[in-house]
Each structure stands twice: as C-alpha cells, then as structure tokens.
>>> print(open('input-v6.cif').read())   # mmCIF, C-alpha atoms and all ligand atoms
data_work
loop_
_atom_site.label_atom_id
_atom_site.label_comp_id
_atom_site.auth_asym_id
_atom_site.auth_seq_id
_atom_site.Cartn_x
_atom_site.Cartn_y
_atom_site.Cartn_z
CA MET D 100 -3.76 17.67 16.27
CA ALA D 101 -6.03 19.30 18.87
CA SER D 102 -8.98 17.50 20.40
CA THR D 103 -12.35 18.21 18.77
CA GLY D 104 -14.22 17.57 22.02
CA LYS D 105 -15.74 14.55 20.28
CA TYR D 106 -15.48 10.93 21.32
CA LYS D 107 -15.34 7.76 19.28
CA SER D 108 -18.71 6.87 20.77
CA ASP D 109 -20.19 10.03 19.12
CA LEU D 110 -19.30 8.86 15.60
CA ASP D 111 -22.01 7.71 13.24
CA THR D 112 -21.38 4.34 11.59
CA PRO D 113 -20.19 2.70 9.49
CA CYS D 114 -17.01 4.80 9.48
CA LEU D 115 -13.27 4.37 9.30
CA VAL D 116 -11.02 5.45 12.12
CA LEU D 117 -7.25 5.66 12.32
CA ASP D 118 -5.78 4.99 15.73
CA MET D 119 -3.05 7.65 15.64
CA ASN D 120 -0.94 6.09 18.40
CA VAL D 121 -0.76 2.84 16.46
CA LEU D 122 -0.24 4.61 13.13
CA GLU D 123 2.69 6.61 14.53
CA GLN D 124 4.24 3.43 15.95
CA ASN D 125 3.89 1.61 12.61
CA LEU D 126 5.50 4.48 10.69
CA GLN D 127 8.35 4.84 13.19
CA LYS D 128 8.98 1.08 13.29
CA MET D 129 9.25 0.76 9.50
CA GLN D 130 11.32 3.93 9.18
CA ALA D 131 13.74 2.78 11.90
CA ALA D 132 14.13 -0.71 10.36
CA VAL D 133 14.79 0.75 6.90
CA GLU D 134 17.29 3.31 8.19
CA HIS D 135 19.04 0.69 10.33
CA ALA D 136 19.61 -1.31 7.14
CA GLY D 137 20.98 1.79 5.39
CA LYS D 138 18.14 1.93 2.87
CA ASN D 139 15.40 4.35 1.83
CA LEU D 140 11.65 4.15 2.32
CA ARG D 141 9.25 5.12 -0.47
CA PRO D 142 5.86 3.93 0.88
CA HIS D 143 3.01 3.00 -1.44
CA VAL D 144 0.12 5.42 -1.08
CA LYS D 145 -2.36 3.18 -2.94
CA THR D 146 -3.00 1.55 0.45
CA HIS D 147 -4.38 4.57 2.29
CA LYS D 148 -5.16 7.02 -0.55
CA CYS D 149 -4.63 10.01 1.70
CA SER D 150 -2.24 12.90 1.04
CA SER D 151 -2.19 13.85 4.73
CA LEU D 152 -0.99 10.38 5.69
CA ALA D 153 1.56 10.50 2.86
CA ARG D 154 2.85 13.79 4.28
CA MET D 155 3.15 12.14 7.70
CA GLN D 156 5.22 9.33 6.14
CA ILE D 157 7.53 11.91 4.53
CA GLY D 158 7.73 13.72 7.87
CA ALA D 159 8.80 10.44 9.48
CA GLY D 160 11.69 10.16 7.00
CA ALA D 161 10.40 8.63 3.74
CA ILE D 162 12.22 9.95 0.65
CA GLY D 163 9.04 10.05 -1.43
CA VAL D 164 6.00 7.91 -2.16
CA CYS D 165 4.72 5.39 -4.71
CA VAL D 166 1.40 5.45 -6.52
CA ALA D 167 -0.30 2.94 -8.79
CA LYS D 168 -2.12 5.34 -11.11
CA VAL D 169 -1.55 8.68 -12.87
CA SER D 170 -4.66 10.15 -11.22
CA GLU D 171 -3.24 9.30 -7.77
CA ALA D 172 -0.03 11.13 -8.69
CA GLU D 173 -2.08 14.13 -9.92
CA ALA D 174 -3.93 14.30 -6.60
CA LEU D 175 -0.69 14.12 -4.60
CA VAL D 176 0.99 16.83 -6.69
CA LYS D 177 -2.12 18.99 -6.20
CA ALA D 178 -1.68 18.45 -2.47
CA GLY D 179 1.93 19.67 -2.72
CA LEU D 180 3.83 16.36 -2.60
CA ASP D 181 6.69 15.34 -4.87
CA ASN D 182 9.28 12.56 -5.35
CA ILE D 183 6.56 10.25 -6.63
CA LEU D 184 7.20 6.89 -8.30
CA LEU D 185 4.42 5.50 -10.49
CA THR D 186 4.75 1.72 -10.07
CA GLY D 187 2.69 0.68 -13.12
CA PRO D 188 3.43 1.29 -16.81
CA VAL D 189 1.65 4.19 -18.57
CA VAL D 190 1.13 3.14 -22.17
CA THR D 191 -1.68 4.90 -24.02
CA PRO D 192 -1.04 8.24 -25.81
CA ARG D 193 -3.73 9.95 -23.72
CA LYS D 194 -2.25 8.77 -20.41
CA ILE D 195 1.29 9.56 -21.51
CA GLU D 196 0.20 13.14 -22.30
CA ARG D 197 -1.32 13.34 -18.81
CA LEU D 198 1.87 11.96 -17.26
CA VAL D 199 4.08 14.42 -19.11
CA ASP D 200 1.77 17.32 -18.20
CA LEU D 201 2.27 16.33 -14.58
CA LEU D 202 6.03 16.03 -15.03
CA ARG D 203 6.12 19.72 -15.90
CA THR D 204 4.66 20.57 -12.46
CA SER D 205 6.58 17.83 -10.65
CA PRO D 206 9.99 17.22 -12.30
CA SER D 207 10.91 14.54 -9.72
CA LEU D 208 8.10 12.25 -10.97
CA MET D 209 9.32 8.78 -12.05
CA VAL D 210 7.54 5.98 -13.87
CA VAL D 211 8.27 2.31 -14.51
CA VAL D 212 8.52 0.95 -18.06
CA ASP D 213 8.45 -2.62 -19.33
CA HIS D 214 8.00 -2.61 -23.13
CA PRO D 215 9.89 -1.35 -26.22
CA GLY D 216 6.80 0.28 -27.81
CA ASN D 217 6.01 2.02 -24.55
CA ILE D 218 9.47 3.56 -24.12
CA GLU D 219 9.50 4.79 -27.71
CA LEU D 220 6.11 6.48 -27.36
CA LEU D 221 7.07 8.03 -24.02
CA ASP D 222 10.37 9.28 -25.47
CA ALA D 223 8.57 10.74 -28.52
CA VAL D 224 6.08 12.70 -26.39
CA LEU D 225 8.89 13.99 -24.16
CA ARG D 226 10.84 15.06 -27.26
CA THR D 227 7.95 17.22 -28.47
CA ARG D 228 7.95 18.94 -25.06
CA GLY D 229 11.74 19.20 -24.79
CA MET D 230 11.74 17.22 -21.52
CA VAL D 231 13.58 14.27 -19.98
CA MET D 232 11.92 11.79 -17.61
CA ASP D 233 13.45 9.44 -15.04
CA VAL D 234 12.33 5.83 -15.39
CA LEU D 235 12.83 2.50 -13.64
CA LEU D 236 12.82 -0.76 -15.53
CA ASP D 237 10.03 -2.93 -14.12
CA VAL D 238 11.42 -6.46 -13.76
CA ASP D 239 8.88 -9.28 -13.37
CA VAL D 240 10.01 -11.56 -10.56
CA GLY D 241 7.15 -14.04 -10.89
CA LEU D 242 3.97 -12.08 -10.22
CA ASN D 243 3.40 -12.12 -14.01
CA ARG D 244 1.40 -8.86 -13.82
CA THR D 245 3.68 -6.20 -15.27
CA GLY D 246 7.40 -6.07 -15.93
CA VAL D 247 9.89 -7.55 -18.32
CA ARG D 248 11.12 -11.09 -17.62
CA PRO D 249 14.71 -11.02 -16.31
CA PRO D 250 16.27 -12.68 -19.43
CA ASP D 251 14.92 -9.79 -21.57
CA ALA D 252 15.68 -7.02 -19.09
CA LEU D 253 19.19 -5.99 -20.20
CA ALA D 254 18.19 -5.73 -23.85
CA LEU D 255 15.31 -3.42 -22.92
CA ALA D 256 17.61 -1.42 -20.64
CA ASP D 257 19.96 -0.87 -23.60
CA ARG D 258 17.07 0.51 -25.64
CA ILE D 259 16.07 2.87 -22.82
CA VAL D 260 19.62 4.14 -22.46
CA ALA D 261 19.69 4.85 -26.22
CA LEU D 262 16.62 7.13 -25.99
CA PRO D 263 17.63 10.74 -25.32
CA HIS D 264 14.52 11.76 -23.37
CA LEU D 265 14.56 8.90 -20.87
CA ARG D 266 17.01 8.57 -18.02
CA LEU D 267 17.28 5.06 -16.56
CA LEU D 268 17.70 5.29 -12.79
CA GLY D 269 17.40 1.60 -11.91
CA ILE D 270 14.86 -1.18 -11.53
CA GLN D 271 11.65 -2.08 -9.72
CA ALA D 272 11.02 -5.71 -8.73
CA TYR D 273 7.80 -6.27 -6.78
CA ALA D 274 7.11 -9.84 -5.63
CA GLY D 275 3.42 -9.38 -4.89
CA HIS D 276 2.68 -13.11 -5.03
CA VAL D 277 5.07 -13.75 -2.13
CA GLN D 278 3.78 -11.19 0.37
CA HIS D 279 1.05 -13.27 2.00
CA ILE D 280 2.74 -16.68 2.13
CA ARG D 281 1.87 -17.80 5.67
CA SER D 282 5.05 -19.54 6.71
CA TYR D 283 7.82 -17.02 7.36
CA ASP D 284 10.54 -19.45 6.31
CA THR D 285 8.80 -20.33 3.04
CA ARG D 286 8.16 -16.64 2.38
CA LYS D 287 11.81 -15.84 3.01
CA HIS D 288 13.07 -18.63 0.79
CA THR D 289 10.60 -17.80 -2.01
CA SER D 290 11.41 -14.10 -1.88
CA TYR D 291 15.16 -14.74 -2.26
CA GLN D 292 14.54 -17.17 -5.12
CA CYS D 293 12.34 -14.63 -6.94
CA LEU D 294 14.71 -11.74 -6.48
CA LYS D 295 17.84 -13.62 -7.52
CA GLU D 296 17.56 -12.87 -11.23
CA ALA D 297 16.53 -9.25 -10.66
CA ILE D 298 19.62 -8.82 -8.49
CA ARG D 299 21.76 -10.11 -11.35
CA VAL D 300 20.11 -7.60 -13.73
CA PHE D 301 20.65 -4.76 -11.27
CA ARG D 302 24.34 -5.62 -10.71
CA GLU D 303 24.96 -5.55 -14.44
CA LEU D 304 23.14 -2.24 -14.88
CA ARG D 305 24.88 -0.66 -11.91
CA ALA D 306 28.24 -1.64 -13.42
CA THR D 307 27.48 -0.30 -16.89
CA VAL D 308 24.98 2.57 -16.55
CA PRO D 309 26.21 5.25 -14.11
CA THR D 310 22.70 6.63 -13.42
CA CYS D 311 21.40 3.22 -12.23
CA THR D 312 21.36 3.40 -8.45
CA ILE D 313 17.76 2.59 -7.50
CA PHE D 314 16.49 -0.92 -6.77
CA SER D 315 12.93 -0.40 -5.53
CA ALA D 316 11.21 -3.51 -4.15
CA SER D 317 9.28 -5.18 -1.35
CA GLY D 318 5.91 -5.25 0.33
CA THR D 319 4.90 -5.41 3.97
CA GLY D 320 5.07 -9.22 4.08
CA THR D 321 8.75 -9.36 3.09
CA PHE D 322 10.00 -6.00 4.41
CA ASP D 323 12.45 -7.51 6.93
CA ILE D 324 13.51 -10.25 4.51
CA ASP D 325 14.25 -7.73 1.74
CA LEU D 326 16.15 -5.40 4.06
CA ALA D 327 18.85 -8.09 4.16
CA VAL D 328 19.35 -7.92 0.36
CA PRO D 329 22.33 -5.58 -0.18
CA GLU D 330 21.32 -4.53 -3.72
CA ILE D 331 17.83 -3.29 -2.75
CA SER D 332 18.06 0.46 -2.21
CA GLU D 333 14.49 1.31 -1.24
CA LEU D 334 11.32 -0.37 0.04
CA GLN D 335 7.97 0.42 -1.55
CA VAL D 336 5.86 -1.10 1.26
CA GLY D 337 2.26 0.01 1.68
CA SER D 338 0.03 -1.92 4.08
CA TYR D 339 2.29 -1.60 7.14
CA ALA D 340 0.78 1.82 7.94
CA CYS D 341 -2.87 0.75 8.28
CA MET D 342 -2.67 -3.07 8.36
CA ASP D 343 -5.48 -5.59 7.85
CA THR D 344 -6.42 -9.14 8.81
CA GLU D 345 -4.99 -10.51 5.57
CA TYR D 346 -1.55 -9.47 6.85
CA LEU D 347 -2.17 -10.13 10.55
CA GLU D 348 -2.86 -13.78 9.71
CA ILE D 349 0.56 -14.54 8.23
CA GLY D 350 3.50 -15.67 10.35
CA SER D 351 6.46 -13.48 11.21
CA ALA D 352 10.10 -14.10 12.14
CA ASP D 353 9.23 -14.40 15.85
CA ASN D 354 5.71 -15.80 15.70
CA ASP D 355 4.52 -18.60 13.40
CA ALA D 356 0.85 -17.76 13.84
CA ARG D 357 0.73 -13.99 13.56
CA PHE D 358 2.40 -11.07 11.83
CA VAL D 359 3.57 -9.13 14.86
CA SER D 360 5.69 -6.43 13.22
CA PHE D 361 2.86 -3.89 12.85
CA ASP D 362 -0.51 -3.40 14.55
CA PRO D 363 -3.86 -2.51 13.02
CA ALA D 364 -4.19 1.30 12.93
CA LEU D 365 -7.20 1.21 10.62
CA ARG D 366 -10.50 0.15 12.16
CA LEU D 367 -14.09 0.15 11.01
CA LEU D 368 -16.86 1.09 13.44
CA THR D 369 -20.20 -0.63 12.89
CA THR D 370 -23.42 -0.65 14.93
CA VAL D 371 -25.76 -3.52 15.81
CA ILE D 372 -29.04 -2.52 14.16
CA SER D 373 -31.15 -5.67 14.62
CA ALA D 374 -31.13 -8.46 17.19
CA ASN D 375 -34.34 -10.43 16.68
CA HIS D 376 -32.89 -13.80 15.78
CA GLU D 377 -31.43 -16.63 17.79
CA GLY D 378 -27.66 -16.88 17.42
CA LEU D 379 -26.99 -13.74 15.36
CA VAL D 380 -27.25 -9.98 15.31
CA THR D 381 -27.06 -7.68 12.30
CA VAL D 382 -24.64 -4.74 11.94
CA ASP D 383 -24.72 -1.80 9.50
CA ALA D 384 -21.52 -2.59 7.55
CA GLY D 385 -21.72 -4.89 4.55
CA LEU D 386 -20.06 -5.14 1.15
CA LYS D 387 -20.31 -1.38 0.56
CA SER D 388 -18.24 -0.69 3.67
CA LEU D 389 -15.91 -3.68 3.91
CA TYR D 390 -14.28 -4.98 0.79
CA LYS D 391 -14.67 -8.77 0.62
CA ASP D 392 -11.13 -9.84 -0.09
CA GLY D 393 -8.25 -11.26 1.87
CA GLY D 394 -9.00 -12.49 5.38
CA LYS D 395 -12.15 -12.02 7.40
CA PRO D 396 -12.79 -8.77 9.28
CA GLN D 397 -11.89 -9.31 12.91
CA VAL D 398 -13.87 -7.92 15.87
CA ILE D 399 -11.37 -6.24 18.23
CA VAL D 400 -13.80 -4.21 20.36
CA PRO D 401 -15.32 -5.51 22.56
CA GLU D 402 -11.90 -6.88 23.40
CA ASN D 403 -11.33 -10.64 23.72
CA SER D 404 -14.88 -11.40 22.64
CA ALA D 405 -15.69 -14.50 20.63
CA LEU D 406 -17.66 -12.39 18.15
CA GLU D 407 -17.24 -13.16 14.49
CA TYR D 408 -18.18 -11.06 11.45
CA ASN D 409 -19.72 -12.54 8.30
CA TRP D 410 -20.89 -10.67 5.23
CA PHE D 411 -24.70 -10.33 5.07
CA GLY D 412 -25.31 -8.52 1.76
CA ASP D 413 -24.49 -5.07 0.43
CA GLU D 414 -25.44 -3.06 3.51
CA TYR D 415 -25.20 -5.44 6.46
CA GLY D 416 -22.99 -7.85 8.33
CA MET D 417 -23.84 -10.79 10.56
CA ILE D 418 -22.29 -11.13 13.99
CA THR D 419 -22.24 -14.55 15.63
CA SER D 420 -20.41 -15.93 18.64
CA THR D 421 -17.95 -18.79 18.33
CA ASP D 422 -18.47 -19.85 21.97
CA ASN D 423 -22.23 -19.23 22.27
CA SER D 424 -21.65 -16.27 24.57
CA GLU D 425 -24.19 -13.46 24.73
CA LEU D 426 -24.50 -11.33 21.62
CA PRO D 427 -24.37 -7.52 21.82
CA PRO D 428 -27.72 -5.67 21.99
CA ILE D 429 -28.91 -3.17 19.37
CA GLY D 430 -27.04 0.12 19.47
CA THR D 431 -23.73 -1.53 20.40
CA VAL D 432 -20.80 -0.23 18.35
CA LEU D 433 -18.21 -2.83 17.37
CA GLU D 434 -14.71 -2.10 16.16
CA LEU D 435 -13.35 -4.28 13.36
CA VAL D 436 -10.00 -4.74 11.68
CA THR D 437 -10.75 -4.74 7.95
CA SER D 438 -9.96 -7.75 5.77
CA HIS D 439 -8.04 -5.92 3.00
CA CYS D 440 -7.25 -2.28 3.71
CA ASP D 441 -6.67 -0.84 0.19
CA PRO D 442 -10.07 -1.50 -1.43
CA THR D 443 -11.93 -0.87 1.85
CA VAL D 444 -10.39 2.61 2.18
CA ASN D 445 -11.55 3.34 -1.37
CA LEU D 446 -15.17 3.01 -0.12
CA PHE D 447 -14.97 6.00 2.27
CA ASP D 448 -14.53 9.79 2.00
CA SER D 449 -12.57 10.34 5.20
CA TYR D 450 -10.81 8.92 8.23
CA TYR D 451 -11.59 9.96 11.79
CA LEU D 452 -8.36 10.34 13.73
CA THR D 453 -8.54 8.92 17.23
CA ARG D 454 -6.34 8.80 20.33
CA GLY D 455 -7.81 6.46 22.88
CA LYS D 456 -11.47 7.40 23.12
CA GLU D 457 -11.03 10.92 21.73
CA VAL D 458 -11.54 12.03 18.14
CA ASN D 459 -8.83 14.54 17.19
CA GLY D 460 -9.91 15.41 13.65
CA THR D 461 -10.47 13.98 10.19
CA TRP D 462 -8.40 13.43 7.07
CA PRO D 463 -10.01 13.36 3.64
CA ILE D 464 -9.32 10.19 1.63
CA ASP D 465 -8.52 12.54 -1.23
CA LEU D 466 -7.16 9.87 -3.60
CA ARG D 467 -10.42 7.92 -3.32
CA GLY D 468 -11.68 6.86 -6.73
CA CYS D 469 -8.38 7.83 -8.43
CA SER D 470 -8.23 4.62 -10.46
CA GLN D 471 -7.21 6.05 -13.85
C1 LIG F 1 3.90 -2.43 -7.12
C2 LIG F 1 3.59 -2.49 -5.66
N1 LIG F 1 4.54 -2.15 -4.78
C3 LIG F 1 4.32 -2.19 -3.45
C4 LIG F 1 3.10 -2.57 -2.93
C5 LIG F 1 2.91 -2.56 -1.43
O1 LIG F 1 2.64 -3.80 -0.92
P1 LIG F 1 2.07 -4.02 0.55
O2 LIG F 1 0.76 -3.32 0.66
O3 LIG F 1 1.93 -5.47 0.61
O4 LIG F 1 3.08 -3.48 1.49
C6 LIG F 1 2.08 -2.94 -3.80
C7 LIG F 1 0.78 -3.38 -3.28
O5 LIG F 1 -0.02 -4.03 -3.88
C8 LIG F 1 2.32 -2.90 -5.20
O6 LIG F 1 1.37 -3.22 -6.09
#
>>> encode(input="input-v6.cif", output="structure tokens", more="lines below")
Ligand SMILES: Cc1ncc(COP(=O)(O)O)c(C=O)c1O
Amino acid sequence: MASTGKYKSDLDTPCLVLDMNVLEQNLQKMQAAVEHAGKNLRPHVKTHKCSSLARMQIGAGAIGVCVAKVSEAEALVKAGLDNILLTGPVVTPRKIERLVDLLRTSPSLMVVVDHPGNIELLDAVLRTRGMVMDVLLDVDVGLNRTGVRPPDALALADRIVALPHLRLLGIQAYAGHVQHIRSYDTRKHTSYQCLKEAIRVFRELRATVPTCTIFSASGTGTFDIDLAVPEISELQVGSYACMDTEYLEIGSADNDARFVSFDPALRLLTTVISANHEGLVTVDAGLKSLYKDGGKPQVIVPENSALEYNWFGDEYGMITSTDNSELPPIGTVLELVTSHCDPTVNLFDSYYLTRGKEVNGTWPIDLRGCSQ
C-alpha cells in the first residue's frame, strides 16, 4: 500500500494502529508452521473483525476463515469472501433463516451443530429451500460452552447423517479454557488430555462416514502443540495476527516467561492530556478504548520505559512509573499493546496501517458490532 505522506505522529488519539511489518511476519509464521505440519489454516476473524485483514490471511495461504456470528459471516460475504466456518451453533428459526439466506449467496458456508433439535430445525428449513448445508459436529472438550460431550457425539453424528439436507464434514473441538495456561508444559499436557476423546470420535467418524475429513481445532496458545496431533486437519487460530498482553504473558516452548511465537502487531496510541499530580499522568484512553479483560495494557513506546498503564474511568488511563523515573509531559503519545485484542478492536471503526513511522492507509473494522 502506498504511503499517504502521513506519519504516526500526525494521528489523533486514541486510535488503533497495525504495524504491517509485524502483521506480515505473524501471518507468514503461522502459515509456514501449519503448512510444514501438512495441515490447513482457517483463521478466526472474530479477533480482528476486518475483511481486508481476512483477505490478507487468505492471500497468505489460509483456506478460508472462521466467524463467531451470522452477522460476521454476512459482512464477509458482502466483502466478497467465502469458505467461511461459523464456529457457534445457530438455533433460532429467525437466525436459521438468515443463515440459509446467506448459504444461497455463499454455498461454501459451514456451521457447527451440537443438538438434536437444532439439526432437525436446520434440516427442515433447508428442505423447504431445496438446499443442502455442510456442517461440523461441535465436540465439547472441556470448555463447557457449546458442543456435545464426547460420549454423546457418535449418536448425534448418526442423526445428522440420517438427515438428507445436512452433510457431515467432520468435527470442531475448541479447547478455549486451555489457551492461556501459563506453563507451556501444563498447557501441552492439558491440551492432549482434552483432545483425546475428540480424537477417538473423529477416528470413528472418519472410518464410517466418507465425507468426514475435517477436524478443526486450536487457538493461538496451543497452535504448535496441536500441530503435532495427526488427526487435526485445520487450525482455527485467531489472536496470532494482532496479539495482546494476555497472550504475551504466557510461556512458550522456548521461553517460560513469554510467548515468543508472535509479536504484537496491534497497538493503541494514547496521549498524555494532564500532568498536574505527583507520581501520575493522565492519558486519553480508558474503558471505551481499551477493553478491561485479560492482562494489563503494556507501554511499548517509549521503549524500555518503566511506565505502567492503569484504568482511570471510561475515558482516561493513569500512567505511573514503576522505578520513579520521570513521567512523560502533556502531549506525549504513548504506544500500548492492548490487554485483550478482540473486544478492544470492537471499540474502533478503523485501523491505521503503519510501517515504521509512516502511515500507509486505513482499513475499516467492517465487522465491528456484528454480534448477532
Ligand atoms: C471457537 C473458537 N475458535 C478459535 C478461536 C481462536 O482462538 P485464539 O484467539 O486464542 O487464537 C476462538 C477464540 O475465542 C474461538 O472461540
């Protein structure tokens, strides 16, 4: 993308920037790891909510994308993307109608299912339209959020196979509760334990249902662990693209203290707007700009400073110093890594794309607010 003649220092704050050099590295690193393991990548778009970034992931080699909600899928299809997997069940008649409407425009759309009533309703709506939809059986591997428990999975799979308007392509098994376990070894052990039963289910289905070839799983925290599982066919990782402090604070295979596989591409710029008090200054990014979840936002510019961010109400943040060094004067722009990228992104309309100090353009966060 061409330079806009604008610099990072020209940007008004608070705003979100994507460091394109880091983003490209993150995408290439994940793609290379997945390909090296002979698997596919279907990144989760709920993290960044941006069709342009999704297109970049496809350009880097992803076979498609995942979304959490029907409205996210609608926005992606509108933007011209396909091969979308909806990773949550769609159960109400109104939503199922919406889903099937979208299927007409995007025949490669897939959805997960986890309940007998749900599959019957979905099949009935598809029958009235004369359509068939590809589905994955959502297997609950201990997150207890959605999915059928492994002992009940094969019985539900049989019922899906018996319905003429559903085509069972495999399973989804997302171990969300494992992703942020700090110790790499514990995370690895727990992930294998969780996936064991889902693997058994998948082996059985693969042997008996010829269409069952997809085993979609994983998150950023277990991506390398799950790549070693032969049955898993595709990773549905999300946060690796942008990254956040919640992930940076977990250990990795080569570093107990830090997750070193991916670097933070997403940053928030915030300006010091008041400095009248001993020991603290106030910045213009609070709860409405930085979602308070996960770790703590981390100040990365100025580099190697001992500055620490704390929430200071809806509109403001408090900056203190952990070593009593001088605090930045008013007008100083700080660069932060956000605590939890997904809900923070949902607070903004666009990303500024940066390379070094230059701003090269913007991308709309066009899936923002798509929570239905
Ligand atoms: C079903 C599902 N799959 C994949 C992901 C991606 O996980 P991560 O952002 O940890 O890579 C998520 C994120 O919450 C998810 O809910």
>>> closest_residue(input="input-v6.cif", among="D:Leu367, D:Leu253, D:Leu268, D:Leu242", to="ligand LIG 1 (chain F)", atoms="only C-alpha atoms and all ligand atoms")
D:Leu242
>>> residues_near_point(input="input-v6.cif", point="(-6.1, -4.8, 2.6)", cutoff="8 Å", atoms="all atoms listed in the file", output="VMD selection string")
chain D and resid 146 338 342 to 346 392 to 393 437 to 443
>>> atom_distance(input="input-v6.cif", atom1="CA of Cys469 (chain D)", atom2="CA of Asp200 (chain D)")
17.0 Å
>>> residues_near_ligand(input="input-v6.cif", ligand="ligand LIG 1 (chain F)", cutoff="7 Å", atoms="all atoms listed in the file", output="CSV table (one decimal) with C-alpha atoms, in the coordinates of the input")
chain,number,residue,atom,x,y,z
D,143,HIS,CA,3.0,3.0,-1.4
D,146,THR,CA,-3.0,1.6,0.4
D,167,ALA,CA,-0.3,2.9,-8.8
D,186,THR,CA,4.8,1.7,-10.1
D,187,GLY,CA,2.7,0.7,-13.1
D,273,TYR,CA,7.8,-6.3,-6.8
D,275,GLY,CA,3.4,-9.4,-4.9
D,278,GLN,CA,3.8,-11.2,0.4
D,316,ALA,CA,11.2,-3.5,-4.2
D,317,SER,CA,9.3,-5.2,-1.4
D,318,GLY,CA,5.9,-5.2,0.3
D,319,THR,CA,4.9,-5.4,4.0
D,320,GLY,CA,5.1,-9.2,4.1
D,335,GLN,CA,8.0,0.4,-1.6
D,336,VAL,CA,5.9,-1.1,1.3
D,337,GLY,CA,2.3,0.0,1.7
D,338,SER,CA,0.0,-1.9,4.1
D,339,TYR,CA,2.3,-1.6,7.1
>>> residues_around(input="input-v6.cif", residues="Leu304 (chain D)", least_positions_apart="2", cutoff="12 Å", atoms="all atoms listed in the file", output="NGL selection string")
:D and (235-236 or 252-257 or 259-260 or 267-270 or 297-302 or 306-314 or 330)
>>> closest_residue(input="input-v6.cif", among="D:Leu334, D:Ala384, D:Leu347, D:Leu225", to="Glu134 (chain D)", atoms="only C-alpha atoms")
D:Leu334
>>> residues_around(input="input-v6.cif", residues="Glu196 (chain D)", least_positions_apart="4", cutoff="10 Å", atoms="all atoms listed in the file", output="ChimeraX atom specification")
/D:189,191-192,200-202,221,224-225
>>> atom_distance(input="input-v6.cif", atom1="CA of Glu377 (chain D)", atom2="CA of Val436 (chain D)")
25.3 Å
>>> atom_distance(input="input-v6.cif", atom1="CA of Thr289 (chain D)", atom2="CA of Gly394 (chain D)")
21.6 Å
>>> residues_near_point(input="input-v6.cif", point="(11.5, 13.7, 8.1)", cutoff="12 Å", atoms="all atoms listed in the file", output="VMD selection string")
chain D and resid 126 to 127 130 to 131 134 139 to 140 153 to 163
>>> residues_around(input="input-v6.cif", residues="Ser170 (chain D)", least_positions_apart="3", cutoff="12 Å", atoms="all atoms listed in the file", output="list in words")
Lys145, Lys148, Val166, Ala167, Glu173, Ala174, Leu175, Val176, Lys177, Leu185, Val189, Lys194, Ile195, Arg197, Leu198, Asp200, Leu201, Asp465, Leu466, Arg467, Gly468, Cys469, Ser470 and Gln471 of chain D
>>> residues_around(input="input-v6.cif", residues="Phe447 (chain D)", least_positions_apart="5", cutoff="8 Å", atoms="all atoms listed in the file", output="PyMOL selection string")
chain D and resi 114-115+388+464+467
>>> closest_residue(input="input-v6.cif", among="D:Tyr106, D:Trp462, D:Tyr283, D:Tyr390", to="Gly412 (chain D)", atoms="all atoms listed in the file")
D:Tyr390
>>> build_atoms(input="input-v6.cif", residues="region 116-132 of chain D", atoms="N, CA and C atoms", output="tab-separated table (two decimals), in the frame of the given file")
chain	number	residue	atom	x	y	z
D	116	VAL	N	-11.84	4.66	11.22
D	116	VAL	CA	-11.02	5.45	12.12
D	116	VAL	C	-9.56	5.01	12.01
D	117	LEU	N	-8.69	5.96	12.24
D	117	LEU	CA	-7.25	5.66	12.32
D	117	LEU	C	-6.82	5.90	13.75
D	118	ASP	N	-6.32	4.86	14.38
D	118	ASP	CA	-5.78	4.99	15.73
D	118	ASP	C	-4.39	5.62	15.59
D	119	MET	N	-4.28	6.90	15.94
D	119	MET	CA	-3.05	7.65	15.64
D	119	MET	C	-1.85	7.14	16.43
D	120	ASN	N	-2.08	6.64	17.64
D	120	ASN	CA	-0.94	6.09	18.40
D	120	ASN	C	-0.35	4.90	17.67
D	121	VAL	N	-1.22	4.03	17.17
D	121	VAL	CA	-0.76	2.84	16.46
D	121	VAL	C	-0.13	3.23	15.13
D	122	LEU	N	-0.77	4.17	14.43
D	122	LEU	CA	-0.24	4.61	13.13
D	122	LEU	C	1.19	5.17	13.30
D	123	GLU	N	1.36	6.03	14.29
D	123	GLU	CA	2.69	6.61	14.53
D	123	GLU	C	3.73	5.52	14.82
D	124	GLN	N	3.31	4.55	15.63
D	124	GLN	CA	4.24	3.43	15.95
D	124	GLN	C	4.61	2.66	14.69
D	125	ASN	N	3.61	2.37	13.84
D	125	ASN	CA	3.89	1.61	12.61
D	125	ASN	C	4.86	2.38	11.71
D	126	LEU	N	4.61	3.69	11.56
D	126	LEU	CA	5.50	4.48	10.69
D	126	LEU	C	6.91	4.53	11.26
D	127	GLN	N	7.01	4.74	12.56
D	127	GLN	CA	8.35	4.84	13.19
D	127	GLN	C	9.09	3.51	13.09
D	128	LYS	N	8.35	2.41	13.31
D	128	LYS	CA	8.98	1.08	13.29
D	128	LYS	C	9.56	0.77	11.91
D	129	MET	N	8.77	1.04	10.86
D	129	MET	CA	9.25	0.76	9.50
D	129	MET	C	10.42	1.68	9.16
D	130	GLN	N	10.27	2.97	9.50
D	130	GLN	CA	11.32	3.93	9.18
D	130	GLN	C	12.64	3.52	9.87
D	131	ALA	N	12.54	3.15	11.14
D	131	ALA	CA	13.74	2.78	11.90
D	131	ALA	C	14.39	1.53	11.29
D	132	ALA	N	13.57	0.54	10.92
D	132	ALA	CA	14.13	-0.71	10.36
D	132	ALA	C	14.84	-0.41	9.04
